[in-house]
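K.L.:
Have a look at this one before I ask anything.
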Amino acid sequence: MVALNTPVCDFGWQAADFDLPATDGSRHSLATLRGPNGLLLMFICNHCPYVKAVLDRVCRDAGALQGLGIGVGAIMSNDPAEYPEDSFANMARVAVERGFPFPYLFDETQDVARRYGAVCTPDFFGFNSRLELQYRGRLDASGRMPAPPDARRELLEAMRLVAETGRGPQQQVPSVGCSIKWGH
């Protein structure tokens with residue numbers, strides 16, 4: 001399993017629109033997900049040990065961000081033919097079992113991941129109210145194992161700043177995770 005790092009934040013990059021099915025039977029786009037103070041999009045999946053290590057923290061911080069007027073959505077772009085644990089049925093099961101406070105979307109064609117330049121799971125994209133990219137860093141110091149409970153909540157701090165000022169921090173530590181599993 002190859003661990004990849006995300007690129008440096010391309011400040012001001014405009015979010016690309018999409019229309020994807022969610023595990024709860026609804027469909028979502030930028031318009032339905034964005035909050036008055038911004039949007040956090042996360043590329044995650046079910047099988048990746050890096051995602052599994054932080055899923056509880058992702059849910060905790062997503063709830064806090066929603067309270068700050070930041071919309072939150074998660075997108076699964078892996079090829080489920082190669083990774084059955086990432087199938088739509090398993091996505092729905094995980095979303096319910098883990099109590100996701102955000103929609104879990106299926107990017108079956110992988111077009112959304114390509115347009116965003118997503119490279120790994122987890123890959124976090126934090127946008128301001130104008131849907132301009134302001135954060136492309138990690139959740140916290142977690143890797144394949146969770147960081148200590150008192151680890152700095154880098155994503156939460158960055159998105160709080162975005163909610164308050166419209167700008168993300170200049171210093172960002174890239175996220176690390178498993179590569180997106182592209183179809184053939």
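Going by the structure tokens order, chains are called A, B, ..., each with residues numbered from 1, while ligands are numbered from 1 in the order shown.
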Write out as a PyMOL selection string the set of residues from region 3-175 of chain A that DSSP, computed on the backbone, places in strand (DSSP E).
P.N.:
chain A and resi 3-5+20-21+27-28+38-43+70-76+104-106+120-121+123-127+133-135
K.L.:
List the neighbours of Pro169 (chain A) out to 8 Å using only C-alpha atoms; skip same-chain residues closer than 5 positions along the sequence, and give me the result as a list in words.
P.N.:
Gln134, Tyr135, Ala158 and Leu161 of chain A
K.L.:
Store the residues of this selection in a file with N, CA and C atoms, as a short mmCIF file (atom, residue, chain, number, x, y, z; two decimals), in the first residue's frame.
P.N.:
data_model
loop_
_atom_site.label_atom_id
_atom_site.label_comp_id
_atom_site.auth_asym_id
_atom_site.auth_seq_id
_atom_site.Cartn_x
_atom_site.Cartn_y
_atom_site.Cartn_z
N GLN A 134 -9.23 27.19 0.33
CA GLN A 134 -8.44 27.84 1.37
C GLN A 134 -7.69 26.84 2.25
N TYR A 135 -8.03 25.54 2.15
CA TYR A 135 -7.34 24.54 2.97
C TYR A 135 -7.22 23.24 2.21
N ALA A 158 -8.22 25.49 10.99
CA ALA A 158 -8.14 26.14 9.68
C ALA A 158 -9.52 26.54 9.18
N LEU A 161 -10.99 29.49 10.97
CA LEU A 161 -10.40 30.72 10.42
C LEU A 161 -11.09 31.10 9.10
#
K.L.:
Please report the interatomic distance between CA of Leu55 (chain A) and CA of Val112 (chain A) in Å with one decimal.
P.N.:
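About the pair CA of Leu55 (chain A) and CA of Val112 (chain A): they are 21.6 Å apart.
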K.L.:
Taking into account only C-alpha atoms, which residue in the set A:Glu164, A:Pro174, A:Asp56, A:Ala3 is nearest to Pro101 (chain A)?
P.N.:
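Among A:Glu164, A:Pro174, A:Asp56, A:Ala3, it is A:Asp56 that comes nearest to Pro101 (chain A).
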K.L.:
Counting only C-alpha atoms, which residues of region 80-109 of chain A fall within 8 Å of region 20-25 of chain A, and what is the closest atom pair for each with its distance in Å at one decimal, ordered by chain and rising number, as JSON lines?
P.N.:
{"residue": "A:Phe88", "atom": "CA", "partner": "A:Thr23", "partner_atom": "CA", "distance": 7.1}
{"residue": "A:Ala89", "atom": "CA", "partner": "A:Thr23", "partner_atom": "CA", "distance": 8.0}
{"residue": "A:Met91", "atom": "CA", "partner": "A:Thr23", "partner_atom": "CA", "distance": 6.7}
{"residue": "A:Ala92", "atom": "CA", "partner": "A:Thr23", "partner_atom": "CA", "distance": 4.8}
{"residue": "A:Ala95", "atom": "CA", "partner": "A:Thr23", "partner_atom": "CA", "distance": 7.5}
{"residue": "A:Pro103", "atom": "CA", "partner": "A:Ala22", "partner_atom": "CA", "distance": 6.0}
{"residue": "A:Tyr104", "atom": "CA", "partner": "A:Ala22", "partner_atom": "CA", "distance": 5.3}
{"residue": "A:Leu105", "atom": "CA", "partner": "A:Ala22", "partner_atom": "CA", "distance": 4.3}
{"residue": "A:Phe106", "atom": "CA", "partner": "A:Pro21", "partner_atom": "CA", "distance": 5.9}
{"residue": "A:Asp107", "atom": "CA", "partner": "A:Leu20", "partner_atom": "CA", "distance": 6.4}
K.L.:
Give me the residues of region 15-78 of chain A that have any atom at most 12 Å from an atom of region 139-151 of chain A; for each, the nearest atom pair and the distance in Å, rounded to one decimal. Use only C-alpha atoms, sort by chain and number, and format it as CSV.
P.N.:
residue,atom,partner,partner_atom,distance
A:Leu40,CA,A:Leu139,CA,11.5
A:Met42,CA,A:Leu139,CA,10.2
A:His47,CA,A:Arg144,CA,12.0
A:Cys48,CA,A:Arg144,CA,8.8
A:Pro49,CA,A:Arg144,CA,5.6
A:Tyr50,CA,A:Arg144,CA,4.6
A:Val51,CA,A:Arg144,CA,8.0
A:Lys52,CA,A:Arg144,CA,8.1
A:Ala53,CA,A:Pro146,CA,5.1
A:Val54,CA,A:Pro146,CA,6.1
A:Leu55,CA,A:Pro146,CA,9.5
A:Asp56,CA,A:Pro146,CA,9.7
A:Arg57,CA,A:Leu139,CA,8.3
A:Val58,CA,A:Leu139,CA,7.5
A:Cys59,CA,A:Leu139,CA,11.2
A:Arg60,CA,A:Leu139,CA,11.2
A:Asp61,CA,A:Leu139,CA,8.9
A:Ala62,CA,A:Leu139,CA,10.6
K.L.:
For the residues in the current selection, export N, CA, C and O atoms as an mmCIF file, in the first residue's frame.
P.N.:
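So part-v3.cif came out as:
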data_model
loop_
_atom_site.group_PDB
_atom_site.id
_atom_site.type_symbol
_atom_site.label_atom_id
_atom_site.label_comp_id
_atom_site.auth_asym_id
_atom_site.auth_seq_id
_atom_site.Cartn_x
_atom_site.Cartn_y
_atom_site.Cartn_z
ATOM 1 N N LEU A 40 -16.567 22.081 3.383
ATOM 2 C CA LEU A 40 -15.493 21.100 3.492
ATOM 3 C C LEU A 40 -15.908 19.866 2.702
ATOM 4 O O LEU A 40 -16.936 19.258 3.003
ATOM 5 N N MET A 42 -14.498 16.103 1.595
ATOM 6 C CA MET A 42 -13.493 15.109 1.962
ATOM 7 C C MET A 42 -13.601 13.929 1.016
ATOM 8 O O MET A 42 -14.696 13.416 0.793
ATOM 9 N N HIS A 47 -12.243 1.267 3.134
ATOM 10 C CA HIS A 47 -11.203 0.263 3.405
ATOM 11 C C HIS A 47 -9.873 0.831 3.887
ATOM 12 O O HIS A 47 -9.073 0.126 4.475
ATOM 13 N N CYS A 48 -9.609 2.099 3.657
ATOM 14 C CA CYS A 48 -8.295 2.692 3.915
ATOM 15 C C CYS A 48 -7.986 2.791 5.411
ATOM 16 O O CYS A 48 -8.769 3.374 6.171
ATOM 17 N N PRO A 49 -6.827 2.274 5.841
ATOM 18 C CA PRO A 49 -6.479 2.363 7.266
ATOM 19 C C PRO A 49 -6.283 3.807 7.745
ATOM 20 O O PRO A 49 -6.527 4.103 8.917
ATOM 21 N N TYR A 50 -5.881 4.706 6.859
ATOM 22 C CA TYR A 50 -5.717 6.109 7.243
ATOM 23 C C TYR A 50 -7.073 6.745 7.544
ATOM 24 O O TYR A 50 -7.191 7.554 8.463
ATOM 25 N N VAL A 51 -8.097 6.386 6.771
ATOM 26 C CA VAL A 51 -9.451 6.895 7.019
ATOM 27 C C VAL A 51 -10.004 6.261 8.288
ATOM 28 O O VAL A 51 -10.554 6.956 9.154
ATOM 29 N N LYS A 52 -9.867 4.942 8.413
ATOM 30 C CA LYS A 52 -10.381 4.259 9.601
ATOM 31 C C LYS A 52 -9.790 4.844 10.877
ATOM 32 O O LYS A 52 -10.472 4.944 11.898
ATOM 33 N N ALA A 53 -8.525 5.260 10.825
ATOM 34 C CA ALA A 53 -7.852 5.804 12.004
ATOM 35 C C ALA A 53 -8.451 7.129 12.469
ATOM 36 O O ALA A 53 -8.331 7.482 13.642
ATOM 37 N N VAL A 54 -9.090 7.867 11.558
ATOM 38 C CA VAL A 54 -9.579 9.211 11.909
ATOM 39 C C VAL A 54 -11.091 9.388 11.781
ATOM 40 O O VAL A 54 -11.591 10.484 12.037
ATOM 41 N N LEU A 55 -11.819 8.352 11.441
ATOM 42 C CA LEU A 55 -13.243 8.522 11.148
ATOM 43 C C LEU A 55 -14.032 9.116 12.313
ATOM 44 O O LEU A 55 -14.894 9.985 12.111
ATOM 45 N N ASP A 56 -13.746 8.689 13.536
ATOM 46 C CA ASP A 56 -14.448 9.272 14.688
ATOM 47 C C ASP A 56 -14.146 10.759 14.815
ATOM 48 O O ASP A 56 -15.030 11.561 15.096
ATOM 49 N N ARG A 57 -12.890 11.130 14.584
ATOM 50 C CA ARG A 57 -12.494 12.544 14.675
ATOM 51 C C ARG A 57 -13.099 13.353 13.533
ATOM 52 O O ARG A 57 -13.464 14.512 13.711
ATOM 53 N N VAL A 58 -13.184 12.741 12.349
ATOM 54 C CA VAL A 58 -13.805 13.409 11.204
ATOM 55 C C VAL A 58 -15.256 13.745 11.537
ATOM 56 O O VAL A 58 -15.712 14.871 11.309
ATOM 57 N N CYS A 59 -15.974 12.782 12.094
ATOM 58 C CA CYS A 59 -17.378 13.016 12.456
ATOM 59 C C CYS A 59 -17.494 14.094 13.527
ATOM 60 O O CYS A 59 -18.342 14.985 13.435
ATOM 61 N N ARG A 60 -16.630 14.043 14.542
ATOM 62 C CA ARG A 60 -16.632 15.044 15.612
ATOM 63 C C ARG A 60 -16.396 16.439 15.037
ATOM 64 O O ARG A 60 -17.140 17.378 15.335
ATOM 65 N N ASP A 61 -15.346 16.586 14.215
ATOM 66 C CA ASP A 61 -14.991 17.898 13.693
ATOM 67 C C ASP A 61 -15.990 18.386 12.644
ATOM 68 O O ASP A 61 -16.240 19.590 12.547
ATOM 69 N N ALA A 62 -16.585 17.472 11.882
ATOM 70 C CA ALA A 62 -17.613 17.863 10.912
ATOM 71 C C ALA A 62 -18.798 18.497 11.637
ATOM 72 O O ALA A 62 -19.324 19.523 11.195
#
K.L.:
So what do you get for CA of Ala64 (chain A) versus CA of Pro7 (chain A), distance-wise?
P.N.:
25.6 Å
K.L.:
I need the residue nearest Leu155 (chain A) from this list: A:Met76, A:Ala118, A:Leu41, A:Val96. Use only C-alpha atoms for the distance.
P.N.:
A:Leu41
K.L.:
Smallest atom-to-atom distance to Gln172 (chain A): which of A:Asp79, A:Gly137, A:Arg153, A:Gly73, using only C-alpha atoms?
P.N.:
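Looking only at the distances to Gln172 (chain A), the closest residue turns out to be A:Gly137.
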K.L.:
Can you work out which one of A:Ser179, A:Asn5, A:Gln110, A:Thr165 has the shortest atom-to-atom distance to Phe127 (chain A), counting only C-alpha atoms?
P.N.:
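Result for the nearest residue to Phe127 (chain A): A:Thr165.
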K.L.:
With only C-alpha atoms as the atoms that count, which of A:Gly117, A:Gly126, A:Pro80, A:Gly183 lies nearest to Asn46 (chain A)?
P.N.:
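Using only C-alpha atoms, Asn46 (chain A) sits closest to A:Pro80.
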K.L.:
Using DSSP on the backbone coordinates, identify all residues within region 119-183 of chain A classified as helix (DSSP H, G or I); present the result as a list in words.
P.N.:
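Filtering region 119-183 of chain A down to helix (DSSP H, G or I) leaves Glu154, Leu155, Leu156, Glu157, Ala158, Met159, Arg160, Leu161, Val162, Ala163, Glu164 and Thr165 of chain A.
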K.L.:
Take the residues just selected and output them with C-alpha atoms as a PDB file, in the first residue's frame.
P.N.:
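The resulting file, selection-v1.pdb, is shown below:
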ATOM      1  CA  GLU A 154      -5.528  21.419  12.371  1.00  0.00           C
ATOM      2  CA  LEU A 155      -8.515  21.034  10.028  1.00  0.00           C
ATOM      3  CA  LEU A 156     -10.949  22.412  12.606  1.00  0.00           C
ATOM      4  CA  GLU A 157      -8.676  25.393  13.385  1.00  0.00           C
ATOM      5  CA  ALA A 158      -8.143  26.137   9.680  1.00  0.00           C
ATOM      6  CA  MET A 159     -11.822  25.954   8.794  1.00  0.00           C
ATOM      7  CA  ARG A 160     -12.767  28.068  11.820  1.00  0.00           C
ATOM      8  CA  LEU A 161     -10.403  30.718  10.416  1.00  0.00           C
ATOM      9  CA  VAL A 162     -12.007  30.331   6.972  1.00  0.00           C
ATOM     10  CA  ALA A 163     -15.494  30.730   8.501  1.00  0.00           C
ATOM     11  CA  GLU A 164     -14.412  33.879  10.351  1.00  0.00           C
ATOM     12  CA  THR A 165     -12.178  35.582   7.765  1.00  0.00           C
TER      13      THR A 165
END
K.L.:
Between CA of Ser129 (chain A) and CA of Gly166 (chain A), what is the spacing in Å?
P.N.:
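Straight-line distance from CA of Gly166 (chain A) to CA of Ser129 (chain A) works out to 6.8 Å.
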